[in-house]
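Okay, structure-v6.txt now, which holds compact mmCIF, C-alpha atoms and all ligand atoms:
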# COMPACT_ATOMS: atom_id res chain seq x y z
CA MET A 26 2.25 -21.21 -25.03
CA MET A 27 2.16 -20.97 -21.28
CA SER A 28 -0.72 -22.59 -19.47
CA ASP A 29 -3.44 -20.52 -17.89
CA ASN A 30 -2.27 -21.59 -14.49
CA ILE A 31 -1.03 -19.01 -12.07
CA ARG A 32 2.66 -19.80 -11.91
CA VAL A 33 4.15 -19.29 -8.47
CA LEU A 34 7.74 -19.12 -7.27
CA ILE A 35 8.29 -19.58 -3.52
CA VAL A 36 11.27 -17.81 -1.98
CA ASP A 37 12.29 -18.50 1.62
CA ASP A 38 15.54 -19.53 3.20
CA LEU A 39 13.80 -22.11 5.39
CA PRO A 40 12.93 -25.30 3.55
CA GLU A 41 10.11 -26.04 6.02
CA THR A 42 8.47 -22.72 5.29
CA ARG A 43 8.69 -23.30 1.56
CA GLU A 44 7.20 -26.74 2.02
CA ASN A 45 4.37 -25.37 4.15
CA VAL A 46 3.52 -22.77 1.58
CA ARG A 47 3.65 -25.34 -1.19
CA LYS A 48 1.26 -27.56 0.76
CA LEU A 49 -1.17 -24.71 1.23
CA LEU A 50 -1.31 -24.38 -2.54
CA GLN A 51 -1.30 -27.99 -3.63
CA PHE A 52 -5.04 -28.39 -4.01
CA GLU A 53 -5.61 -25.25 -5.99
CA GLN A 54 -6.36 -26.42 -9.52
CA ASP A 55 -5.11 -23.34 -11.26
CA VAL A 56 -2.11 -22.54 -9.08
CA GLU A 57 1.17 -24.16 -10.00
CA VAL A 58 4.30 -23.88 -7.91
CA VAL A 59 6.95 -23.74 -10.61
CA ASN A 60 10.00 -23.54 -8.41
CA GLN A 61 11.41 -22.77 -4.97
CA ALA A 62 14.34 -20.55 -4.13
CA GLY A 63 16.29 -20.56 -0.88
CA THR A 64 18.17 -17.30 -1.40
CA GLY A 65 17.65 -13.90 -2.98
CA GLU A 66 20.23 -14.68 -5.62
CA GLN A 67 18.44 -17.86 -6.57
CA ALA A 68 15.14 -16.01 -6.67
CA ILE A 69 16.50 -13.48 -9.13
CA GLU A 70 17.77 -16.27 -11.33
CA MET A 71 14.60 -18.36 -11.19
CA ALA A 72 12.42 -15.33 -11.82
CA GLN A 73 14.20 -14.96 -15.14
CA THR A 74 14.27 -18.59 -16.16
CA ASP A 75 10.86 -19.66 -14.87
CA GLN A 76 8.96 -16.44 -15.59
CA PRO A 77 6.51 -16.91 -12.70
CA ASP A 78 3.37 -14.79 -12.46
CA ILE A 79 3.64 -14.51 -8.70
CA ILE A 80 6.62 -14.61 -6.39
CA LEU A 81 6.05 -15.26 -2.70
CA MET A 82 9.03 -13.56 -1.13
CA ASP A 83 10.40 -13.86 2.37
CA ILE A 84 12.09 -10.69 3.61
CA ASN A 85 14.78 -11.90 5.94
CA MET A 86 17.27 -14.02 4.10
CA PRO A 87 21.03 -14.20 4.29
CA GLY A 88 22.78 -12.58 1.33
CA ILE A 89 20.51 -10.50 -0.86
CA ASP A 90 17.39 -10.11 1.24
CA GLY A 91 13.81 -10.06 0.02
CA ILE A 92 13.85 -6.34 -0.57
CA GLY A 93 17.01 -6.37 -2.63
CA ALA A 94 15.73 -9.34 -4.60
CA SER A 95 12.34 -7.67 -5.17
CA GLN A 96 14.02 -4.58 -6.48
CA ARG A 97 16.14 -6.53 -8.91
CA ILE A 98 13.25 -8.70 -10.04
CA SER A 99 10.94 -5.75 -10.66
CA GLU A 100 13.56 -4.41 -13.03
CA LEU A 101 14.41 -7.66 -14.75
CA VAL A 102 11.09 -9.46 -14.81
CA PRO A 103 8.37 -6.86 -14.48
CA ARG A 104 5.65 -9.37 -15.30
CA ALA A 105 6.35 -11.20 -12.04
CA GLN A 106 4.24 -9.82 -9.22
CA ILE A 107 5.79 -9.99 -5.80
CA ILE A 108 3.97 -10.75 -2.58
CA ILE A 109 6.02 -10.28 0.54
CA MET A 110 5.73 -12.76 3.39
CA SER A 111 6.76 -11.19 6.63
CA VAL A 112 6.23 -11.04 10.34
CA GLN A 113 3.97 -8.27 11.46
CA SER A 114 6.41 -5.98 13.16
CA ASP A 115 8.39 -5.22 10.04
CA SER A 116 6.41 -2.18 9.00
CA ASP A 117 9.50 -0.31 7.97
CA TYR A 118 10.60 -3.24 5.85
CA LEU A 119 7.20 -3.48 4.29
CA ARG A 120 7.32 0.10 3.30
CA ARG A 121 10.70 -0.41 1.68
CA ALA A 122 9.53 -3.57 0.04
CA MET A 123 6.74 -1.66 -1.56
CA MET A 124 9.12 0.87 -2.87
CA ALA A 125 11.05 -2.06 -4.27
CA GLY A 126 8.01 -3.11 -6.25
CA ALA A 127 6.15 -5.56 -4.02
CA ARG A 128 2.41 -5.69 -4.63
CA ASP A 129 1.01 -7.16 -1.49
CA PHE A 130 1.86 -8.58 1.91
CA LEU A 131 1.10 -11.62 3.91
CA THR A 132 1.73 -11.59 7.59
CA LYS A 133 3.23 -14.81 8.87
CA PRO A 134 1.76 -17.13 9.88
CA PHE A 135 -1.01 -17.17 7.30
CA GLY A 136 -3.58 -19.71 6.27
CA GLY A 137 -4.35 -21.20 2.91
CA ASP A 138 -7.39 -19.04 2.24
CA GLU A 139 -5.50 -15.90 2.92
CA LEU A 140 -2.63 -16.99 0.75
CA VAL A 141 -4.79 -18.03 -2.17
CA ALA A 142 -6.86 -14.85 -1.93
CA ALA A 143 -3.73 -12.70 -2.06
CA ILE A 144 -2.37 -14.61 -5.02
CA ARG A 145 -5.59 -14.27 -6.99
CA ARG A 146 -5.98 -10.63 -6.08
CA VAL A 147 -2.51 -9.72 -7.21
CA TYR A 148 -2.74 -11.93 -10.27
CA ASP A 149 -6.05 -10.45 -11.36
CA LYS A 150 -4.78 -6.95 -11.29
CA ARG A 151 -1.33 -7.48 -12.68
CA PRO A 152 -0.44 -4.85 -15.22
CA THR A 153 -0.87 -5.99 -18.76
CA ILE A 154 2.34 -6.26 -20.66
CA THR A 155 2.16 -4.32 -23.86
CA ALA A 156 2.79 -6.35 -26.95
CA ALA A 157 6.27 -5.04 -27.41
CA PRO A 158 7.68 -4.91 -30.92
CA PRO A 159 9.61 -8.07 -31.57
CA ARG A 160 13.05 -7.92 -30.16
CA GLY A 161 15.92 -10.29 -29.75
CA GLN A 162 15.12 -13.14 -27.41
CA GLY A 163 17.05 -13.49 -24.21
CA THR A 164 18.51 -10.01 -24.14
CA GLY A 165 17.31 -9.69 -20.59
CA ALA A 166 15.92 -6.30 -21.53
CA PRO A 167 12.93 -5.39 -19.39
CA VAL A 168 9.62 -5.82 -21.09
CA ALA A 169 7.63 -2.64 -21.42
CA VAL A 170 4.82 -2.47 -18.96
CA ALA A 171 1.71 -0.56 -19.83
CA PRO A 172 1.30 2.39 -17.52
CA GLU A 173 -0.93 1.27 -14.72
CA ALA A 174 -4.40 2.64 -14.59
CA ALA A 175 -4.28 5.96 -12.83
CA ALA A 176 -4.75 5.00 -9.26
CA GLY A 177 -3.52 7.58 -6.80
CA ASN A 178 -5.02 7.14 -3.35
CA ILE A 179 -7.02 9.94 -1.83
CA VAL A 180 -6.85 10.14 1.94
CA ALA A 181 -9.05 12.72 3.64
CA VAL A 182 -8.29 13.72 7.20
CA PHE A 183 -11.50 14.77 8.88
CA SER A 184 -12.99 15.43 12.27
CA PRO A 185 -16.53 16.50 13.05
CA LYS A 186 -15.04 18.57 15.83
CA GLY A 187 -12.82 21.54 15.01
CA GLY A 188 -9.34 21.78 16.49
CA SER A 189 -8.87 18.03 16.70
CA GLY A 190 -5.58 18.02 14.85
CA CYS A 191 -6.61 17.36 11.24
CA SER A 192 -4.22 19.85 9.71
CA THR A 193 -1.31 18.62 11.79
CA ILE A 194 -2.05 15.02 10.89
CA ALA A 195 -2.74 15.64 7.18
CA ILE A 196 0.44 17.66 6.73
CA ASN A 197 2.66 15.19 8.51
CA LEU A 198 1.13 12.15 6.85
CA GLY A 199 1.90 13.88 3.58
CA VAL A 200 5.46 14.58 4.65
CA SER A 201 5.90 10.99 5.80
CA LEU A 202 4.70 9.57 2.48
CA ALA A 203 6.81 12.03 0.52
CA GLN A 204 9.82 11.07 2.61
CA SER A 205 9.18 7.43 1.74
CA GLY A 206 9.47 8.33 -1.90
CA PHE A 207 5.80 8.41 -2.84
CA ASN A 208 4.80 11.18 -5.17
CA THR A 209 2.49 12.92 -2.74
CA ALA A 210 0.20 15.92 -2.85
CA LEU A 211 -1.46 17.73 0.00
CA VAL A 212 -4.65 19.64 -0.70
CA ASP A 213 -6.02 22.18 1.73
CA GLY A 214 -9.68 21.31 1.49
CA SER A 215 -10.56 23.69 4.27
CA LEU A 216 -11.17 26.33 1.66
CA GLN A 217 -12.28 29.25 3.77
CA PHE A 218 -10.01 29.10 6.74
CA GLY A 219 -7.37 26.63 5.74
CA ASP A 220 -4.20 26.63 7.79
CA VAL A 221 -1.88 24.66 5.58
CA ALA A 222 -0.16 27.74 4.13
CA VAL A 223 0.67 29.05 7.57
CA MET A 224 1.64 25.69 8.98
CA LEU A 225 4.02 25.07 6.09
CA ASN A 226 5.14 28.65 5.85
CA MET A 227 4.07 28.98 2.21
CA LYS A 228 2.44 31.82 0.33
CA PRO A 229 -0.80 31.18 -1.51
CA MET A 230 0.49 32.52 -4.82
CA THR A 231 -1.50 29.78 -6.45
CA SER A 232 -4.38 27.84 -4.96
CA VAL A 233 -7.17 25.38 -5.51
CA LEU A 234 -8.98 28.22 -7.29
CA ASP A 235 -6.59 28.04 -10.20
CA LEU A 236 -7.74 24.51 -10.90
CA SER A 237 -11.42 24.81 -10.19
CA ASP A 238 -12.50 26.20 -13.56
CA ASN A 239 -11.75 23.18 -15.67
CA ALA A 240 -11.63 20.78 -12.81
CA ASN A 241 -12.80 17.81 -14.82
CA ASP A 242 -10.36 18.34 -17.59
CA LEU A 243 -7.04 19.15 -16.00
CA ASP A 244 -3.83 18.27 -17.71
CA ASN A 245 -0.63 17.48 -15.94
CA GLU A 246 1.04 20.62 -17.12
CA LEU A 247 -1.56 22.89 -15.61
CA ILE A 248 -1.60 20.95 -12.36
CA SER A 249 2.18 21.08 -12.07
CA SER A 250 2.17 24.80 -12.67
CA VAL A 251 -0.30 25.41 -9.85
CA VAL A 252 0.94 22.96 -7.27
CA GLN A 253 3.74 24.33 -5.11
CA LYS A 254 6.63 22.24 -3.93
CA HIS A 255 7.44 22.30 -0.23
CA GLN A 256 11.01 21.61 0.95
CA SER A 257 9.88 18.23 2.20
CA SER A 258 9.16 17.41 -1.48
CA LEU A 259 5.48 17.41 -0.66
CA ASN A 260 3.40 18.96 -3.46
CA VAL A 261 0.95 21.41 -2.01
CA LEU A 262 -2.29 22.85 -3.28
CA LEU A 263 -3.25 25.66 -0.97
CA ALA A 264 -6.61 27.14 -0.09
CA PRO A 265 -7.53 30.47 -1.71
CA PRO A 266 -5.92 33.52 -0.12
CA ARG A 267 -9.23 35.00 1.03
CA PRO A 268 -12.26 33.23 2.53
CA GLU A 269 -14.81 34.74 0.16
CA MET A 270 -12.90 33.40 -2.82
CA ALA A 271 -13.72 29.88 -1.75
CA GLU A 272 -17.30 30.22 -2.95
CA VAL A 273 -16.24 29.75 -6.53
CA VAL A 274 -15.25 26.18 -5.83
CA THR A 275 -18.15 23.77 -6.03
CA GLU A 276 -18.54 20.25 -4.77
CA ASP A 277 -18.27 18.96 -8.33
CA SER A 278 -15.18 20.93 -9.16
CA MET A 279 -13.53 19.72 -5.98
CA LYS A 280 -14.32 16.13 -6.86
CA GLY A 281 -13.11 16.58 -10.42
CA MET A 282 -9.93 18.19 -9.21
CA LEU A 283 -9.15 15.37 -6.81
CA ASP A 284 -9.80 12.78 -9.47
CA SER A 285 -7.43 14.58 -11.81
CA LEU A 286 -4.76 14.60 -9.13
CA ARG A 287 -5.03 10.81 -8.97
CA GLN A 288 -3.50 10.67 -12.42
CA ILE A 289 -0.29 12.22 -11.18
CA TYR A 290 0.24 11.45 -7.53
CA ASP A 291 0.52 8.22 -5.60
CA PHE A 292 -1.12 9.77 -2.58
CA ILE A 293 -3.31 12.81 -2.23
CA LEU A 294 -3.82 13.93 1.36
CA VAL A 295 -6.73 16.25 1.91
CA ASP A 296 -7.06 18.39 5.00
CA THR A 297 -10.73 19.14 5.55
CA SER A 298 -12.85 21.57 7.44
CA SER A 299 -14.96 20.26 10.29
CA SER A 300 -18.08 21.78 8.89
CA LEU A 301 -19.90 19.22 6.82
CA ASN A 302 -20.63 21.40 3.83
CA GLY A 303 -20.90 20.24 0.25
CA ILE A 304 -17.19 20.64 -0.36
CA THR A 305 -16.26 18.55 2.65
CA LEU A 306 -18.77 15.93 1.70
CA GLY A 307 -17.50 15.87 -1.87
CA ILE A 308 -14.01 15.27 -0.53
CA LEU A 309 -15.16 12.52 1.80
CA ASP A 310 -17.10 10.84 -1.01
CA THR A 311 -14.15 10.91 -3.35
CA ALA A 312 -11.67 9.75 -0.74
CA ASP A 313 -10.51 6.15 -0.68
CA ARG A 314 -9.84 6.46 3.01
CA ILE A 315 -11.05 8.84 5.68
CA VAL A 316 -8.80 9.30 8.67
CA LEU A 317 -11.34 10.26 11.30
CA VAL A 318 -9.76 12.15 14.14
CA ALA A 319 -11.19 11.84 17.64
CA GLN A 320 -10.02 13.07 21.00
CA GLN A 321 -10.57 11.67 24.46
CA ASN A 322 -13.49 13.81 25.51
CA LEU A 323 -17.24 13.46 25.40
CA PRO A 324 -18.10 16.09 22.78
CA SER A 325 -15.59 14.54 20.43
CA LEU A 326 -16.89 11.06 21.10
CA LYS A 327 -20.44 12.14 20.50
CA ASN A 328 -19.66 13.85 17.23
CA VAL A 329 -17.51 11.03 15.98
CA SER A 330 -20.25 8.58 16.81
CA ARG A 331 -22.69 10.68 14.80
CA PHE A 332 -20.27 10.74 11.95
CA PHE A 333 -20.17 6.96 11.90
CA ASP A 334 -23.96 6.95 11.64
CA LEU A 335 -23.72 9.40 8.81
CA SER A 336 -21.11 7.36 7.03
CA GLU A 337 -23.50 4.44 7.13
CA SER A 338 -26.27 6.53 5.63
CA LEU A 339 -23.88 7.59 2.96
CA GLU A 340 -23.16 3.92 2.37
CA TYR A 341 -19.45 4.15 2.92
CA ASP A 342 -17.74 0.82 3.39
CA SER A 343 -16.82 0.38 7.02
CA GLU A 344 -13.17 0.01 6.01
CA LYS A 345 -13.28 3.40 4.40
CA VAL A 346 -13.17 5.14 7.75
CA SER A 347 -10.09 4.72 9.93
CA LEU A 348 -10.46 5.95 13.47
CA VAL A 349 -7.50 7.73 15.00
CA VAL A 350 -7.23 9.27 18.46
CA ASN A 351 -5.16 12.43 18.64
CA ARG A 352 -3.60 13.99 21.73
CA ALA A 353 -3.79 10.58 23.29
CA SER A 354 -2.88 10.44 26.94
CA ASP A 355 -3.37 8.07 29.86
CA LYS A 356 -4.37 10.95 32.02
CA ARG A 357 -7.77 11.51 30.50
CA GLY A 358 -11.03 10.27 31.95
CA ILE A 359 -11.91 8.49 28.76
CA SER A 360 -9.29 6.02 27.64
CA VAL A 361 -8.45 5.12 24.07
CA LYS A 362 -9.91 1.72 24.79
CA ASP A 363 -13.16 3.29 25.97
CA ILE A 364 -13.40 5.09 22.66
CA SER A 365 -12.90 1.92 20.72
CA ASN A 366 -15.41 0.04 22.90
CA THR A 367 -18.03 2.73 22.74
CA LEU A 368 -17.80 3.20 19.02
CA LYS A 369 -17.26 -0.50 18.37
CA ARG A 370 -14.49 0.38 15.98
CA PRO A 371 -10.78 -0.23 16.21
CA VAL A 372 -8.62 2.78 16.93
CA ILE A 373 -5.92 2.26 14.32
CA MET A 374 -3.54 4.76 15.86
CA ALA A 375 -3.25 6.74 19.06
CA ILE A 376 -1.18 9.84 18.39
CA PRO A 377 0.30 11.06 21.66
CA ASP A 378 -0.28 14.46 23.15
CA ASP A 379 2.82 16.59 22.76
CA ASP A 380 2.14 20.27 23.21
CA SER A 381 5.62 21.48 22.86
CA ALA A 382 6.57 19.57 19.71
CA VAL A 383 3.28 20.20 17.91
CA ASN A 384 3.09 23.85 18.77
CA THR A 385 6.70 24.51 17.90
CA ALA A 386 6.03 22.94 14.52
CA ILE A 387 2.98 25.11 13.97
CA ASP A 388 4.59 28.31 15.18
CA GLN A 389 7.70 27.86 13.12
CA GLY A 390 5.90 26.61 10.03
CA VAL A 391 8.09 23.52 9.98
CA PRO A 392 6.29 20.16 9.96
CA LEU A 393 6.99 17.85 12.89
CA LEU A 394 8.49 15.22 10.65
CA THR A 395 11.06 17.49 9.08
CA GLY A 396 12.08 19.33 12.22
CA SER A 397 14.15 18.47 15.23
CA ASN A 398 11.20 16.65 16.77
CA LYS A 399 10.92 13.92 14.22
CA ARG A 400 11.90 11.20 16.68
CA ARG A 401 9.34 12.12 19.30
CA PRO A 402 6.55 9.61 19.94
CA VAL A 403 4.02 11.92 18.29
CA SER A 404 6.06 11.89 15.09
CA VAL A 405 6.69 8.18 15.24
CA ALA A 406 2.95 7.56 15.57
CA ILE A 407 2.18 9.62 12.49
CA ASN A 408 4.84 7.77 10.55
CA LYS A 409 3.29 4.50 11.61
CA LEU A 410 -0.12 5.71 10.54
CA ALA A 411 1.35 6.51 7.14
CA ASP A 412 2.77 2.99 6.94
CA GLN A 413 -0.60 1.59 7.80
CA LEU A 414 -2.28 3.57 5.05
CA VAL A 415 0.29 2.40 2.55
CA GLN A 416 -0.29 -1.19 3.53
CA ASP A 417 -4.04 -0.85 3.37
CA LEU A 418 -4.34 1.16 0.20
CA VAL A 419 -1.57 0.27 -2.14
CA GLY A 420 -2.50 -2.87 -3.96
CA GLU A 421 -6.12 -2.74 -2.90
CA LYS A 422 -6.74 -0.46 -5.89
CA ASP A 423 -8.76 -1.75 -8.84
CA MET A 424 -10.28 -4.33 -6.53
CA LYS A 425 -13.25 -2.32 -5.66
CA SER A 426 -15.54 -1.36 -8.43
CA LYS A 427 -16.86 1.95 -7.38
CA PRO A 428 -20.42 2.50 -8.46
CA ALA A 429 -20.74 5.26 -11.00
CA GLU A 430 -21.24 8.63 -9.43
CA GLU A 431 -24.97 9.27 -9.32
CA SER A 432 -26.08 12.76 -9.88
CA GLN A 433 -27.48 14.30 -6.76
CA PRO A 434 -29.81 17.07 -7.75
CA GLY A 435 -30.98 17.99 -4.31
CA GLY A 436 -27.60 18.90 -2.89
CA PHE A 437 -25.95 17.18 -0.04
CA PHE A 438 -28.65 17.60 2.55
CA SER A 439 -31.09 15.61 0.52
CA ARG A 440 -28.41 12.98 0.22
CA LEU A 441 -27.98 12.81 3.93
CA PHE A 442 -31.62 12.51 4.62
CA GLY A 443 -32.86 11.03 1.40
CA LYS A 444 -30.99 7.79 1.56
CA ARG A 445 -31.85 4.71 3.55
N1 LIG B 501 -0.78 15.56 19.14
C1 LIG B 501 -0.95 16.79 19.63
N2 LIG B 501 -0.42 17.14 20.81
C2 LIG B 501 -0.60 18.38 21.31
N3 LIG B 501 -1.29 19.32 20.68
C3 LIG B 501 -1.86 19.05 19.51
C4 LIG B 501 -1.71 17.77 18.92
N4 LIG B 501 -2.37 17.79 17.73
C5 LIG B 501 -2.90 19.02 17.62
N5 LIG B 501 -2.60 19.77 18.68
C6 LIG B 501 -3.02 21.15 18.93
O1 LIG B 501 -4.36 21.30 18.55
C7 LIG B 501 -4.55 22.50 17.85
C8 LIG B 501 -5.31 22.23 16.58
O2 LIG B 501 -4.51 21.48 15.70
P1 LIG B 501 -4.79 21.51 14.14
O3 LIG B 501 -4.79 22.89 13.63
O4 LIG B 501 -3.89 20.53 13.51
O5 LIG B 501 -6.28 20.94 14.17
P2 LIG B 501 -7.44 21.07 13.10
O6 LIG B 501 -8.34 19.93 13.32
O7 LIG B 501 -6.88 21.23 11.75
O8 LIG B 501 -8.13 22.41 13.55
P3 LIG B 501 -9.15 23.35 12.74
O9 LIG B 501 -10.51 22.82 13.05
O10 LIG B 501 -8.89 24.69 13.29
O11 LIG B 501 -8.80 23.25 11.29
C9 LIG B 501 -3.19 23.09 17.59
O12 LIG B 501 -3.05 24.26 18.33
C10 LIG B 501 -2.21 22.09 18.07
O13 LIG B 501 -1.26 22.70 18.84
MG MG B 502 -7.20 22.65 10.28
Taking this structure as input, can you express it in the form of structure tokens?
Amino acid sequence: MMSDNIRVLIVDDLPETRENVRKLLQFEQDVEVVNQAGTGEQAIEMAQTDQPDIILMDINMPGIDGIGASQRISELVPRAQIIIMSVQSDSDYLRRAMMAGARDFLTKPFGGDELVAAIRRVYDKRPTITAAPPRGQGTGAPVAVAPEAAAGNIVAVFSPKGGSGCSTIAINLGVSLAQSGFNTALVDGSLQFGDVAVMLNMKPMTSVLDLSDNANDLDNELISSVVQKHQSSLNVLLAPPRPEMAEVVTEDSMKGMLDSLRQIYDFILVDTSSSLNGITLGILDTADRIVLVAQQNLPSLKNVSRFFDLSESLEYDSEKVSLVVNRASDKRGISVKDISNTLKRPVIMAIPDDDSAVNTAIDQGVPLLTGSNKRRPVSVAINKLADQLVQDLVGEKDMKSKPAEESQPGGFFSRLFGKR
């Protein structure tokens, strides 16, 4: 029987790096470095012979690189969980590494605490291998992995100020993630006056309404029949065709619907209305991440600041809210830095102002990232934001134990003012 130790394989082409990593781990009682590989080929071999729990994988190596090796190892040795070690600027690599099956990332240089924390985190949430029926030893056949707990990530794009760019950002984040191969859905959570249909040039033949009746008990078949596929391979759930129809949808049915979508999609982007009604609040509660959109002007700053206060009253983790500045430009009186300083929050992305590209996209119903403007700085920034979300959210799942949903009899206002 294997020991209870966490068995680690270190993969890096530089012997000094391998040695450094080994040293960082040498005093951990329950962590055992079982082997070291200097190439991707060696890593693939050792993964099979040593059956490590965790593989610390460098990306840049001659021959088969870390991504190629990860891909091969995820197929051959699914029990081995891969943590990529990389320099910060490789966001495109990281994204590909994730697609190749990596579970987490460490940015070089890293310290012992960080390394050990990542190892334990990934180890603790490794998928359990189903007790497969006995089969011939050494066939190299992949072991069946139990389907992972449903864990799609819900990302709400919200601004307390209308017209800030939420729809543009939500749509293009969705397109970016879909283009990276994630199974991605976009929900128009601006139920009364949602713009997603127009901006994607789609007809609301089906909508959120079709799912709101049995929102807590949706099966995949029903969801797939209602969700419409956009050319970008984004799966879209539109707002109802007429504003008054939105009333049927309740906060609870919206929450239930989103939770059901988690079972199917890797990412669920939700465009929201700026009015903080029950629906919006239900979306924000359910979301794993809120992309909060600000602009460089005082009214926006004021409202965003109030929203941060609110998010504290609602007891959201501070990491739950990611501040983004849209229409960023050096020419404005308030700089992006001012915003960050005033709000005492990092601005995780400044999305440049680009009237012509953004408006062409909207007018033609073709998202920025699929059209001829996909290399413009505004598009690049949204792609980067998508990368950032992937890095932050994928892998972090199952870590947080969300408190059970309390029932909130008094509606959302009492929640706002009742707490704290
Ligand atoms: N990065 C940008 N550069 C230039 N213009 C932009 C940018 N982002 C958004 N806009 C403009 O701002 C307007 C509002 O954008 P969008 O509809 O995406 O915002 P919204 O927050 O969803 O608005 P609403 O509150 O109406 O739902 C659009 O006309 C668009 O042209
Ligand atoms: Mg909008």
### Task
Mind giving me the straight-line distance from atom CA of Gln106 of chain A to atom CA of Leu34 of chain A in Å, one decimal?
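Taking atom CA of Gln106 of chain A and atom CA of Leu34 of chain A, their separation equals 10.1 Å.
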## Note on the structure
Using all atoms listed in the file, the residue out of A:Thr311, A:Ser205, A:Asn30, A:Ser404 with shortest distance to Ala181 of chain A is A:Thr311
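For the pair atom CA of Ala319 of chain A and atom CA of Gly214 of chain A, the interatomic distance is 18.8 Å.
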### Message
To check your reading of the model: which residues sit at most 8 Å from ligand LIG 501 (chain B) when counting all atoms listed in the file? Write the answer as a VMD selection string.
### Response
chain A and resid 183 to 184 186 to 194 215 218 to 220 296 to 299 318 351 to 353 376 to 384 387 403
#### Entry: Among the residues A:Val182, A:Ile373, A:Leu368, A:Leu286, the one that comes closest to ligand MG 502 (chain B) [using only C-alpha atoms and all ligand atoms]
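Closest candidate: A:Val182.
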### Query
So how far away is atom CA of Val251 of chain A from atom CA of Asp235 of chain A, in Å?
6.8 Å
### Message
Could you check the closest approach to Lys228 of chain A for each of A:Leu101, A:Ala411, A:Val261, A:Val274 and tell me which residue wins, using all atoms listed in the file?
### Response
A:Val261
### Query
So which residues touch segment 49-61 of chain A within 8 Å, counting only C-alpha atoms, skipping near sequence neighbours fewer than 2 positions away, as an NGL selection string?
:A and (29-37 or 43 or 45-47 or 63 or 68 or 71 or 75 or 77 or 136-137 or 140-141)
Expected file contents, prior selection, C-alpha atoms, as a CSV table (one decimal), in the coordinates of the input:
chain,number,residue,atom,x,y,z
A,29,ASP,CA,-3.4,-20.5,-17.9
A,30,ASN,CA,-2.3,-21.6,-14.5
A,31,ILE,CA,-1.0,-19.0,-12.1
A,32,ARG,CA,2.7,-19.8,-11.9
A,33,VAL,CA,4.2,-19.3,-8.5
A,34,LEU,CA,7.7,-19.1,-7.3
A,35,ILE,CA,8.3,-19.6,-3.5
A,36,VAL,CA,11.3,-17.8,-2.0
A,37,ASP,CA,12.3,-18.5,1.6
A,43,ARG,CA,8.7,-23.3,1.6
A,45,ASN,CA,4.4,-25.4,4.2
A,46,VAL,CA,3.5,-22.8,1.6
A,47,ARG,CA,3.6,-25.3,-1.2
A,63,GLY,CA,16.3,-20.6,-0.9
A,68,ALA,CA,15.1,-16.0,-6.7
A,71,MET,CA,14.6,-18.4,-11.2
A,75,ASP,CA,10.9,-19.7,-14.9
A,77,PRO,CA,6.5,-16.9,-12.7
A,136,GLY,CA,-3.6,-19.7,6.3
A,137,GLY,CA,-4.4,-21.2,2.9
A,140,LEU,CA,-2.6,-17.0,0.8
A,141,VAL,CA,-4.8,-18.0,-2.2
### Query
So, counting all atoms listed in the file, which residue among A:Leu262, A:Leu202, A:Ala195, A:Ala375 is closest to ligand MG 502 (chain B)?
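Using all atoms listed in the file, the shortest distance to ligand MG 502 (chain B) belongs to A:Ala195.
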